[in-house]
Every structure is written in C-alpha cells, then in structure tokens.
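Asks: One file: start-v3.csv (CSV, C-alpha atoms).
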```csv
chain,number,residue,atom,x,y,z
A,1,MET,CA,126.9,-90.8,38.3
A,2,LYS,CA,125.7,-90.6,41.9
A,3,LYS,CA,127.4,-88.0,44.1
A,4,ALA,CA,126.9,-87.4,47.8
A,5,ILE,CA,128.0,-85.3,50.7
A,6,LEU,CA,127.7,-85.8,54.5
A,7,LEU,CA,127.3,-82.9,56.8
A,8,PRO,CA,126.7,-82.4,60.5
A,9,ARG,CA,123.6,-80.7,61.7
A,10,LYS,CA,125.4,-77.6,63.1
A,11,TYR,CA,129.0,-76.5,63.8
A,12,ILE,CA,129.8,-73.9,66.4
A,13,GLN,CA,133.3,-72.5,66.9
A,14,GLY,CA,134.8,-69.7,69.0
A,15,ARG,CA,136.4,-68.7,72.3
A,16,GLY,CA,134.3,-69.8,75.2
A,17,VAL,CA,131.5,-71.5,73.3
A,18,ILE,CA,131.6,-74.5,75.6
A,19,SER,CA,129.5,-72.3,77.9
A,20,GLU,CA,126.7,-72.6,75.4
A,21,ILE,CA,126.6,-76.4,75.5
A,22,GLY,CA,123.4,-76.3,77.6
A,23,THR,CA,121.6,-74.2,75.0
A,24,TYR,CA,122.2,-76.9,72.3
A,25,ALA,CA,121.6,-79.9,74.6
A,26,ALA,CA,118.3,-78.4,75.7
A,27,MET,CA,117.2,-78.6,72.0
A,28,LEU,CA,117.7,-82.4,72.2
A,29,GLY,CA,116.2,-83.3,75.5
A,30,LYS,CA,116.5,-83.1,79.3
A,31,LYS,CA,118.9,-85.9,80.2
A,32,ALA,CA,122.4,-86.2,78.8
A,33,VAL,CA,125.1,-88.8,79.2
A,34,VAL,CA,128.3,-86.7,79.3
A,35,MET,CA,131.4,-88.9,78.6
A,36,TRP,CA,134.9,-87.7,79.2
A,37,GLY,CA,138.3,-88.7,80.6
A,38,ALA,CA,139.6,-87.5,84.0
A,39,LYS,CA,141.9,-84.8,82.5
A,40,THR,CA,139.2,-83.4,80.2
A,41,LYS,CA,136.7,-83.3,83.0
A,42,ALA,CA,139.1,-81.5,85.2
A,43,ALA,CA,139.8,-78.9,82.5
A,44,VAL,CA,136.3,-78.2,81.2
A,45,GLY,CA,133.9,-80.0,83.5
A,46,GLU,CA,132.9,-77.1,85.6
A,47,SER,CA,131.9,-74.9,82.6
A,48,ALA,CA,130.1,-77.7,80.8
A,49,LYS,CA,128.1,-78.8,83.9
A,50,LYS,CA,127.2,-75.2,84.8
A,51,SER,CA,125.8,-74.6,81.3
A,52,LEU,CA,123.8,-77.8,81.3
A,53,ALA,CA,122.3,-77.1,84.7
A,54,ALA,CA,121.4,-73.6,83.7
A,55,ALA,CA,119.5,-75.0,80.7
A,56,GLY,CA,117.7,-77.6,82.8
A,57,VAL,CA,119.6,-80.6,81.4
A,58,GLU,CA,120.4,-83.4,83.8
A,59,CYS,CA,124.0,-84.6,83.5
A,60,ILE,CA,124.9,-88.3,83.8
A,61,ASP,CA,128.6,-88.1,84.3
A,62,VAL,CA,130.4,-91.1,82.7
A,63,HIS,CA,134.2,-91.8,82.8
A,64,PHE,CA,135.8,-92.8,79.5
A,65,ASN,CA,138.3,-95.6,80.0
A,66,GLY,CA,140.7,-94.3,77.4
A,67,GLU,CA,140.4,-96.7,74.4
A,68,CYS,CA,137.9,-96.7,71.6
A,69,THR,CA,136.8,-100.4,71.8
A,70,LYS,CA,133.5,-101.9,70.9
A,71,ALA,CA,133.1,-103.1,74.5
A,72,GLU,CA,133.6,-99.6,75.9
A,73,ALA,CA,131.1,-98.2,73.4
A,74,ARG,CA,128.6,-100.8,74.5
A,75,ARG,CA,129.2,-100.1,78.2
A,76,ILE,CA,128.4,-96.4,77.7
A,77,ALA,CA,125.4,-97.2,75.5
A,78,ASP,CA,124.0,-99.3,78.3
A,79,ILE,CA,124.4,-96.3,80.7
A,80,ALA,CA,122.7,-94.1,78.1
A,81,LYS,CA,119.5,-96.2,78.0
A,82,GLY,CA,116.7,-93.8,79.0
A,83,ALA,CA,118.8,-90.7,78.3
A,84,ASP,CA,117.9,-88.2,75.6
A,85,MET,CA,121.4,-87.7,74.1
A,86,VAL,CA,125.1,-88.5,74.4
A,87,ILE,CA,127.7,-85.8,74.8
A,88,GLY,CA,131.3,-86.7,74.0
A,89,VAL,CA,134.1,-84.4,75.3
A,90,GLY,CA,137.8,-84.9,74.6
A,91,GLY,CA,140.1,-86.3,72.0
A,92,GLY,CA,139.5,-88.4,68.9
A,93,LYS,CA,139.0,-91.7,70.7
A,94,ALA,CA,136.6,-90.3,73.2
A,95,LEU,CA,134.6,-88.7,70.5
A,96,ASP,CA,134.5,-91.8,68.3
A,97,THR,CA,133.3,-93.8,71.3
A,98,ALA,CA,130.6,-91.3,72.1
A,99,LYS,CA,129.4,-91.4,68.4
A,100,ALA,CA,129.1,-95.2,68.5
A,101,SER,CA,127.4,-95.3,71.9
A,102,ALA,CA,124.8,-92.8,70.7
A,103,ILE,CA,124.2,-94.7,67.5
A,104,TYR,CA,123.7,-98.0,69.4
A,105,GLU,CA,120.9,-96.4,71.3
A,106,ASN,CA,119.6,-94.3,68.4
A,107,LEU,CA,120.3,-91.1,70.3
A,108,PRO,CA,121.4,-87.7,69.1
A,109,HIS,CA,124.9,-86.7,70.0
A,110,ILE,CA,127.0,-83.6,70.7
A,111,ILE,CA,130.7,-83.7,70.0
A,112,VAL,CA,133.1,-81.4,71.9
A,113,PRO,CA,136.7,-81.7,70.8
A,114,THR,CA,139.3,-80.4,73.3
A,115,VAL,CA,142.2,-80.8,70.8
A,116,ALA,CA,142.6,-80.2,67.1
A,117,SER,CA,144.8,-83.1,66.4
A,118,ASN,CA,142.7,-84.7,63.7
A,119,ASP,CA,139.7,-84.2,61.5
A,120,SER,CA,137.3,-86.8,63.0
A,121,PRO,CA,134.9,-84.7,65.1
A,122,THR,CA,132.4,-83.9,62.3
A,123,SER,CA,132.4,-87.4,60.8
A,124,ALA,CA,129.9,-90.2,60.9
A,125,CYS,CA,132.7,-92.7,61.6
A,126,THR,CA,134.3,-94.5,64.5
A,127,VAL,CA,137.8,-96.0,64.2
A,128,TRP,CA,138.1,-99.0,66.4
A,129,TYR,CA,141.0,-100.2,68.5
A,130,ASP,CA,141.6,-103.2,70.7
A,131,ASP,CA,142.8,-103.3,74.3
A,132,GLU,CA,146.4,-103.3,73.0
A,133,HIS,CA,145.8,-100.0,71.3
A,134,VAL,CA,146.0,-101.6,67.8
A,135,CYS,CA,143.6,-100.3,65.1
A,136,VAL,CA,141.2,-103.1,64.1
A,137,GLY,CA,138.9,-101.3,61.6
A,138,PHE,CA,136.1,-98.7,61.4
A,139,ASP,CA,132.4,-98.3,61.2
A,140,LEU,CA,130.4,-95.8,59.1
A,141,TRP,CA,127.3,-94.6,60.9
A,142,PRO,CA,124.0,-93.5,59.2
A,143,CYS,CA,124.3,-89.9,60.4
A,144,ASN,CA,126.8,-87.2,61.5
A,145,PRO,CA,126.8,-85.6,64.9
A,146,ASP,CA,124.0,-83.3,65.7
A,147,TYR,CA,126.2,-80.5,67.1
A,148,ILE,CA,129.9,-80.0,67.1
A,149,ILE,CA,131.1,-77.4,69.6
A,150,VAL,CA,134.7,-76.3,69.2
A,151,ASP,CA,136.0,-73.9,71.9
A,152,THR,CA,139.2,-72.4,70.5
A,153,GLU,CA,140.4,-71.2,73.9
A,154,ILE,CA,140.5,-74.9,75.0
A,155,ILE,CA,142.1,-75.9,71.7
A,156,ALA,CA,144.9,-73.2,72.1
A,157,LYS,CA,145.7,-74.5,75.6
A,158,ALA,CA,146.2,-78.0,74.5
A,159,PRO,CA,149.8,-79.3,73.7
A,160,LEU,CA,151.2,-77.7,70.6
A,161,ARG,CA,152.2,-81.0,69.1
A,162,LEU,CA,148.5,-82.0,68.9
A,163,PHE,CA,147.7,-78.8,67.0
A,164,VAL,CA,150.5,-79.3,64.6
A,165,ALA,CA,149.5,-83.0,64.0
A,166,GLY,CA,146.0,-81.8,63.1
A,167,ILE,CA,147.6,-79.6,60.4
A,168,GLY,CA,149.4,-82.6,59.1
A,169,ASP,CA,146.2,-84.6,58.9
A,170,ALA,CA,144.3,-81.8,57.2
A,171,MET,CA,147.1,-81.1,54.6
A,172,SER,CA,146.2,-84.4,52.9
A,173,THR,CA,142.5,-83.5,52.4
A,174,TRP,CA,142.7,-81.6,49.1
A,175,PHE,CA,145.3,-83.8,47.5
A,176,GLU,CA,143.3,-86.9,48.3
A,177,ALA,CA,140.0,-85.4,47.2
A,178,GLU,CA,141.6,-84.4,43.9
A,179,ALA,CA,142.8,-88.0,43.4
A,180,SER,CA,139.3,-89.3,44.3
A,181,PHE,CA,137.5,-86.8,42.1
A,182,ALA,CA,139.7,-87.7,39.1
A,183,SER,CA,139.0,-91.4,39.5
A,184,ARG,CA,135.3,-90.9,40.5
A,185,ALA,CA,136.0,-92.9,43.6
A,186,ILE,CA,133.1,-93.7,45.9
A,187,THR,CA,133.7,-92.1,49.2
A,188,CYS,CA,132.3,-92.6,52.7
A,189,SER,CA,129.3,-90.5,51.7
A,190,GLY,CA,128.2,-93.3,49.4
A,191,GLY,CA,128.8,-91.4,46.2
A,192,ALA,CA,131.5,-89.6,44.3
A,193,PRO,CA,132.8,-86.2,45.5
A,194,THR,CA,130.5,-83.2,44.8
A,195,LEU,CA,131.7,-79.8,43.6
A,196,THR,CA,130.8,-78.4,47.0
A,197,VAL,CA,133.2,-80.7,48.8
A,198,MET,CA,135.9,-80.1,46.3
A,199,ALA,CA,135.6,-76.4,46.9
A,200,MET,CA,135.8,-77.0,50.7
A,201,THR,CA,139.0,-79.2,50.4
A,202,LYS,CA,140.7,-76.5,48.3
A,203,LEU,CA,139.8,-73.8,50.8
A,204,CYS,CA,141.1,-76.1,53.6
A,205,PHE,CA,144.5,-76.3,51.8
A,206,GLU,CA,144.7,-72.6,51.0
A,207,THR,CA,143.8,-71.6,54.5
A,208,ILE,CA,146.4,-73.8,56.1
A,209,MET,CA,149.1,-72.7,53.7
A,210,GLU,CA,148.3,-69.0,54.4
A,211,TYR,CA,147.7,-69.0,58.1
A,212,GLY,CA,149.2,-72.3,59.4
A,213,LEU,CA,152.6,-71.0,60.5
A,214,SER,CA,151.1,-67.9,62.2
A,215,ALA,CA,148.6,-70.1,64.0
A,216,ILE,CA,151.4,-72.4,65.2
A,217,GLU,CA,153.3,-69.4,66.7
A,218,ALA,CA,150.1,-68.3,68.5
A,219,VAL,CA,149.4,-71.7,70.0
A,220,LYS,CA,152.9,-71.8,71.3
A,221,VAL,CA,151.9,-69.1,73.7
A,222,HIS,CA,148.3,-70.4,74.1
A,223,ALA,CA,146.8,-67.4,72.3
A,224,VAL,CA,143.6,-67.4,70.3
A,225,THR,CA,144.2,-65.2,67.2
A,226,PRO,CA,142.3,-64.9,63.9
A,227,ALA,CA,144.9,-67.2,62.3
A,228,VAL,CA,144.1,-69.8,65.0
A,229,GLU,CA,140.4,-69.5,64.4
A,230,LYS,CA,140.9,-70.0,60.6
A,231,VAL,CA,143.2,-72.9,60.9
A,232,VAL,CA,141.0,-74.7,63.5
A,233,GLU,CA,138.0,-74.3,61.1
A,234,ALA,CA,140.2,-75.8,58.3
A,235,THR,CA,141.5,-78.7,60.3
A,236,THR,CA,138.3,-79.6,62.0
A,237,LEU,CA,135.3,-78.6,59.8
A,238,LEU,CA,136.7,-78.3,56.2
A,239,SER,CA,139.0,-81.3,56.5
A,240,GLY,CA,136.4,-83.3,58.4
A,241,ILE,CA,133.8,-82.9,55.7
A,242,GLY,CA,136.5,-83.1,53.1
A,243,TRP,CA,138.0,-86.5,53.9
A,244,GLU,CA,134.6,-88.1,54.5
A,245,SER,CA,132.9,-86.9,51.3
A,246,GLY,CA,136.0,-86.0,49.2
A,247,GLY,CA,137.7,-89.4,49.6
A,248,LEU,CA,141.1,-90.7,50.7
A,249,ALA,CA,144.2,-91.9,48.7
A,250,THR,CA,147.8,-92.6,49.3
A,251,ALA,CA,148.4,-90.1,52.2
A,252,HIS,CA,145.9,-91.9,54.4
A,253,ALA,CA,146.7,-95.4,53.1
A,254,MET,CA,150.1,-94.7,54.6
A,255,GLY,CA,149.0,-92.7,57.6
A,256,ASN,CA,146.8,-95.6,58.7
A,257,SER,CA,149.3,-98.3,57.9
A,258,LEU,CA,152.6,-96.9,59.2
A,259,PRO,CA,151.9,-98.2,62.7
A,260,SER,CA,152.8,-101.7,61.2
A,261,LEU,CA,156.4,-100.4,61.3
A,262,HIS,CA,157.0,-100.5,65.1
A,263,GLU,CA,159.5,-97.7,64.9
A,264,THR,CA,156.7,-95.2,64.2
A,265,HIS,CA,154.6,-96.1,67.3
A,266,GLU,CA,155.4,-92.9,69.2
A,267,TYR,CA,154.1,-90.7,66.4
A,268,LEU,CA,150.7,-89.2,66.1
A,269,HIS,CA,148.3,-90.0,63.2
A,270,GLY,CA,148.7,-86.5,61.7
A,271,GLU,CA,152.4,-86.8,61.8
A,272,LYS,CA,152.3,-90.1,59.9
A,273,VAL,CA,149.8,-88.6,57.4
A,274,SER,CA,152.3,-85.7,56.8
A,275,PHE,CA,154.8,-88.2,55.4
A,276,GLY,CA,152.0,-89.8,53.5
A,277,VAL,CA,151.4,-86.4,51.9
A,278,MET,CA,155.0,-86.1,51.0
A,279,THR,CA,154.8,-89.6,49.4
A,280,GLN,CA,151.6,-88.8,47.5
A,281,ILE,CA,152.9,-85.6,46.0
A,282,CYS,CA,156.0,-87.5,44.8
A,283,LEU,CA,153.8,-90.2,43.3
A,284,ASP,CA,151.2,-88.1,41.4
A,285,ASP,CA,152.5,-86.7,38.1
A,286,SER,CA,149.6,-84.3,37.7
A,287,LEU,CA,151.0,-81.9,40.3
A,288,SER,CA,153.3,-79.1,39.4
A,289,ASP,CA,156.9,-78.9,40.7
A,290,GLU,CA,156.1,-75.6,42.2
A,291,LEU,CA,153.1,-77.0,44.2
A,292,VAL,CA,155.2,-80.0,45.4
A,293,GLU,CA,158.0,-77.7,46.5
A,294,GLU,CA,155.7,-75.3,48.3
A,295,THR,CA,153.9,-78.1,50.1
A,296,ALA,CA,157.2,-79.8,51.3
A,297,ILE,CA,158.6,-76.5,52.5
A,298,PHE,CA,155.4,-75.7,54.5
A,299,LEU,CA,155.3,-79.2,56.1
A,300,ALA,CA,159.0,-78.8,57.1
A,301,LYS,CA,158.6,-75.3,58.5
A,302,ALA,CA,155.6,-76.5,60.5
A,303,GLY,CA,157.8,-79.1,62.1
A,304,LEU,CA,155.9,-82.1,60.6
A,305,PRO,CA,157.6,-85.3,59.4
A,306,VAL,CA,159.0,-85.0,55.8
A,307,THR,CA,161.8,-87.5,56.0
A,308,PHE,CA,162.4,-91.1,57.1
A,309,ALA,CA,164.4,-89.8,60.0
A,310,ASP,CA,161.5,-87.7,61.2
A,311,LEU,CA,159.5,-90.9,61.7
A,312,ASN,CA,162.4,-92.9,63.0
A,313,ILE,CA,162.5,-95.2,60.0
A,314,ASP,CA,165.8,-94.1,58.5
A,315,LYS,CA,167.5,-97.2,59.7
A,316,VAL,CA,164.8,-99.6,58.4
A,317,SER,CA,166.2,-101.9,55.8
A,318,GLU,CA,165.2,-101.6,52.1
A,319,SER,CA,163.7,-105.0,52.2
A,320,ARG,CA,161.4,-104.1,55.1
A,321,LEU,CA,160.3,-100.8,53.5
A,322,ARG,CA,159.6,-102.7,50.2
A,323,GLU,CA,157.6,-105.3,52.2
A,324,TYR,CA,155.7,-102.4,53.9
A,325,ALA,CA,155.0,-100.7,50.5
A,326,ASN,CA,153.7,-104.0,49.1
A,327,SER,CA,151.4,-104.4,52.0
A,328,VAL,CA,149.8,-100.9,51.5
A,329,VAL,CA,148.7,-101.3,47.9
A,330,GLY,CA,146.3,-103.9,46.5
A,331,GLU,CA,142.6,-104.8,46.9
A,332,GLY,CA,140.8,-102.5,49.3
A,333,SER,CA,143.6,-99.9,49.6
A,334,PHE,CA,143.0,-96.2,49.4
A,335,THR,CA,145.8,-96.2,46.8
A,336,ASN,CA,143.2,-97.5,44.4
A,337,ASN,CA,141.4,-94.1,44.5
A,338,HIS,CA,144.0,-92.7,42.1
A,339,ASN,CA,143.2,-92.7,38.4
A,340,PHE,CA,146.4,-94.7,37.8
A,341,THR,CA,147.6,-98.0,39.3
A,342,VAL,CA,149.9,-97.8,42.3
A,343,THR,CA,152.2,-100.8,42.7
A,344,GLY,CA,154.4,-101.6,45.6
A,345,ASP,CA,157.4,-100.6,43.6
A,346,ASP,CA,155.7,-97.3,42.8
A,347,LEU,CA,155.0,-96.6,46.4
A,348,TYR,CA,158.5,-97.5,47.6
A,349,ASP,CA,160.1,-95.2,45.0
A,350,ALA,CA,157.8,-92.4,46.0
A,351,MET,CA,158.7,-92.9,49.6
A,352,VAL,CA,162.4,-92.7,48.8
A,353,ALA,CA,161.8,-89.6,46.6
A,354,ALA,CA,159.8,-88.0,49.4
A,355,ASP,CA,162.6,-88.6,51.9
A,356,ALA,CA,165.1,-87.0,49.5
A,357,LEU,CA,162.8,-84.1,48.9
A,358,GLY,CA,162.3,-83.6,52.6
A,359,ARG,CA,166.0,-83.7,53.4
A,360,ARG,CA,166.7,-81.1,50.7
A,361,VAL,CA,164.0,-78.7,51.9
A,362,LYS,CA,165.0,-79.0,55.5
A,363,LEU,CA,168.6,-78.2,54.6
A,364,ALA,CA,167.5,-75.2,52.5
A,365,ILE,CA,165.3,-73.7,55.3
A,366,GLY,CA,167.9,-74.4,57.9
```
Since I need it in another form, could you write the structure as structure tokens?

Replies:
Amino acid sequence: MKKAILLPRKYIQGRGVISEIGTYAAMLGKKAVVMWGAKTKAAVGESAKKSLAAAGVECIDVHFNGECTKAEARRIADIAKGADMVIGVGGGKALDTAKASAIYENLPHIIVPTVASNDSPTSACTVWYDDEHVCVGFDLWPCNPDYIIVDTEIIAKAPLRLFVAGIGDAMSTWFEAEASFASRAITCSGGAPTLTVMAMTKLCFETIMEYGLSAIEAVKVHAVTPAVEKVVEATTLLSGIGWESGGLATAHAMGNSLPSLHETHEYLHGEKVSFGVMTQICLDDSLSDELVEETAIFLAKAGLPVTFADLNIDKVSESRLREYANSVVGEGSFTNNHNFTVTGDDLYDAMVAADALGRRVKLAIG
C-alpha cells in the first residue's frame, strides 16, 4: 500500500521572528510580491519591510481584497509576473490566495500567519470562496510553502477568539487521522497516512490537552509563554501536516458543511469543527468512555462549542437537522474515511448525543 506525507520546506516559530523574513526571502531571490490586508500591513508592515530592505529584497506591496477567490488569485499572480517570490501575510484567506498566486506563476512562496485560527498555513491547499463569501471548493497544489514564519508575539496580540478557534480546529486532527489510518483512506498527500504523521497527530492532541487551557489564559493578556509556544506549534505545524497527510473524517465533514445551516454563519471554522469533534467521538465506538469524557470537558472549558445552543442551532427543527445530516454523508464525503458506514441516521443520532454530552459536561464544570 502506498503511503505519503507532505511537508513544508522550513518552519520558523518564535517571538519576533518576522524580523527575519528578509533572511529567508533573500534565499529565494531579490524581488518579492508582499500581499496583505490593510490591518495586517498596519500591524506588521514596518517590521517586515525593514527586514526585506536590509536583506536587499525589493518589496512590491500588494493589497489583498479580503476574499479568497480565483479572480483575486489571478490578479495577484499577474502582478507577480517577473517577481522571484510571493509572500502572503495575514489570516487563512490571505495565505490561501498567496499560495495560489505563487503556484500560478510557478514561484516559491513564504507564508506568514498573523493569527492561529486554523491549520492551513503549512498546507499545499487553497480553499476557494465566491464574492458572496460562500465556500465553492478547494485545490491541492503540487508543493507546500517554502517557508512558514510564525511570530508568536503577533499571534498572542490577535483576538482571543481566533486563538481558541484554532484549538478547536486542531482538536480534530488526531481523531480524524486515527479514522483514516484504520480505513487506509487516501489523504491529500496521495497516499495513506504514514507512521510519522500518526505520531505527529497524537502529539498535537496531547500537547493541546496538556497546555491548551494555560495558553488560552496567557493569550487573554497577550502574553507569550511556553504554553503558548507549544500550542501554536500544535495548532499550526502539527495539525497542519496532520490533516493534510493524516486525513479527515466526520469532524471536518461537519465543520465544512455547517455553514449550510444559516444559523451558524457567525461562527468560525474551528468553532464548527469543535462540534464536529463532539459528534465524531459520539459516533466512533472504538473510543473509550474516558477519552470521550476528557475531550468533551476540555472543549467546554476552552469555551468551544459543544452543544446545539453553542452554535445557535438549538431551535432548528428535527426535520432540518435530519436533512442536514443526510446531506453530509454519501459519495465524496469525509465520513467515508471511517472503517464503518456512516448513514444520515447515524450522524443525526451522534449529533443529538453530542449535544446531550455537551450539556452535561457544561453543567458539571459550572
């Protein structure tokens, strides 16, 4: 059986490392398209431009329009003609657009996340949206970013909700990889999960469970602590490699599809994935009661959605929830990466069980 793993060229993390961006850019060439939004540029632009100038790298400053559309990626790719690299700075949509723009022009690219809200920075993937902000699919690229530069001082200054959402996204990684490993599912890497990626996904889970709550407390006061460093590595590097080469299952089948329930539109991807985790652990009978309980308690203590009410779907009718559950399963669904069949009825019952579990643990922890 073919196994495969995708990896970025180099990952750099720590306080103030954005000041080293010029060092890495200079290894790729002398002219860089730097793509960012207005807020991101205002926050980190001076440091980044100073570093690039000191390294002798010309900066072509490009404003990101805010949505990851194919038209926006093509626009930036056209600007990048004749450049040596593309540097994407910002949140997930900015970074995904930068990846696509670089690939279109066959250019190396540097990714600089300014939030830790999801695990996309290390991946060779772009998730596409339309101008109405609706997800319309994704593309898998032939290579991962050349350099990922994660400045934890910047991450700690971002809104707490984004940091917590990143934990919700990453909490799915091990559970989904275990499901994919058991079924020998083919992942985005083009092969089944390797032992290496399985070890990384387990470390991701263990790190978040041990240090996640301490890291949240530190980020509340914008402090960079050892716990923050560990959790950022887990939510960005370990989870990023983990989902791409370890595989996805029910948690992301739900996280990606919950926007079809309009009541959830105000919630972040990682928040939706959190309830997907709750559902998956109530669906998979290979998990111990102790592990299920510990996971639910952690998610609740972290302030992540564990009940229908937490996602504003507690008033949604049973018929609509059953319709939603039926739409999630079937051909092409990540639910097929389990080593058992998941029907619409199975998923609906697991959602109801997850809601009950979430309400019980929230009551217990106060």

Asks: Between A:Asp151, A:Glu67, A:Glu176, A:Asp355, single out the one closest to A:Val115, counting all atoms listed in the file.

Replies: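 Counting all atoms listed in the file, the residue closest to A:Val115 is A:Asp151.
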
Asks: Using only C-alpha atoms, which of A:Ser101, A:Ser120, A:Ser288, A:Thr40 sits nearest A:Leu238?

Replies: A:Ser120

Asks: Taking into account only C-alpha atoms, which residue in the set A:Glu331, A:Asp146, A:Asp139, A:Glu217 is nearest to A:Ala302?

Replies: A:Glu217

Asks: Fewer than 6 positions away in the same chain doesn't count, so skip those; otherwise give me all residues within 7 Å of A:Glu244, counting all atoms listed in the file, as a PyMOL selection string.

Replies: chain A and resi 123+187-189

Asks: Given the selection you just returned, output its residues as a file containing C-alpha atoms, formatted as a PDB file, in the coordinates of the input.

Replies:
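What landed in part-v5.pdb:
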```
ATOM      1  CA  SER A 123     132.400 -87.400  60.800  1.00  0.00           C
ATOM      2  CA  THR A 187     133.700 -92.100  49.200  1.00  0.00           C
ATOM      3  CA  CYS A 188     132.300 -92.600  52.700  1.00  0.00           C
ATOM      4  CA  SER A 189     129.300 -90.500  51.700  1.00  0.00           C
TER       5      SER A 189
END
```

Asks: List every protein, DNA or RNA residue with an atom no more than 6 Å from (130.3, -94.2, 65.4) in the file's coordinates, counting all atoms listed in the file, and format the result as a list in words.

Replies: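 Within the cut-off we find Asp96, Lys99, Ala100, Cys125, Thr126 and Trp141 of chain A.
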
Asks: Nearest to A:Pro8: which of A:Asn256, A:Ser239, A:Thr122, A:Asn337 is it, counting all atoms listed in the file?

Replies: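 Checking each of A:Asn256, A:Ser239, A:Thr122, A:Asn337 against A:Pro8, counting all atoms listed in the file, the winner is A:Thr122.
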
Asks: Atom CA of A:Thr341 to atom CA of A:Ala182: how many Å, to one decimal?

Replies: 13.0 Å

Asks: Work out how far atom CA of A:Pro108 is from atom CA of A:Arg15, in Å to one decimal.

Replies: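 Value for the atom CA of A:Arg15-atom CA of A:Pro108 distance: 24.4 Å.
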
Asks: Tell me which protein, DNA and RNA residues are within 12 Å of A:Ile241, counting only C-alpha atoms, leaving out same-chain ones fewer than 6 positions away, and put them as a count of residues only.

Replies: 38

Asks: Could you jot down the atom CA of A:Ala251 to atom CA of A:Ser180 separation for me, Å, one decimal place?

Replies: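 Atom-to-atom, atom CA of A:Ala251 and atom CA of A:Ser180 are spaced 12.1 Å apart.
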
Asks: Please provide as a PDB file with C-alpha atoms, in the frame of the given file all residues within 6 Å of A:Ile148, with the sequence filter that same-chain residues fewer than 2 positions apart are discarded (counting only C-alpha atoms).

Replies:
```pdb
ATOM      1  CA  TYR A  11     129.000 -76.500  63.800  1.00  0.00           C
ATOM      2  CA  ILE A 110     127.000 -83.600  70.700  1.00  0.00           C
ATOM      3  CA  ILE A 111     130.700 -83.700  70.000  1.00  0.00           C
ATOM      4  CA  VAL A 112     133.100 -81.400  71.900  1.00  0.00           C
TER       5      VAL A 112
END
```

Asks: Just want the 12 Å neighbourhood of A:Glu323, counted on all atoms listed in the file, with same-chain residues fewer than 5 positions away dropped. Output as an MDAnalysis selection string.

Replies: chainID A and resid 260:261 316:318 328:329 343:345 347:348
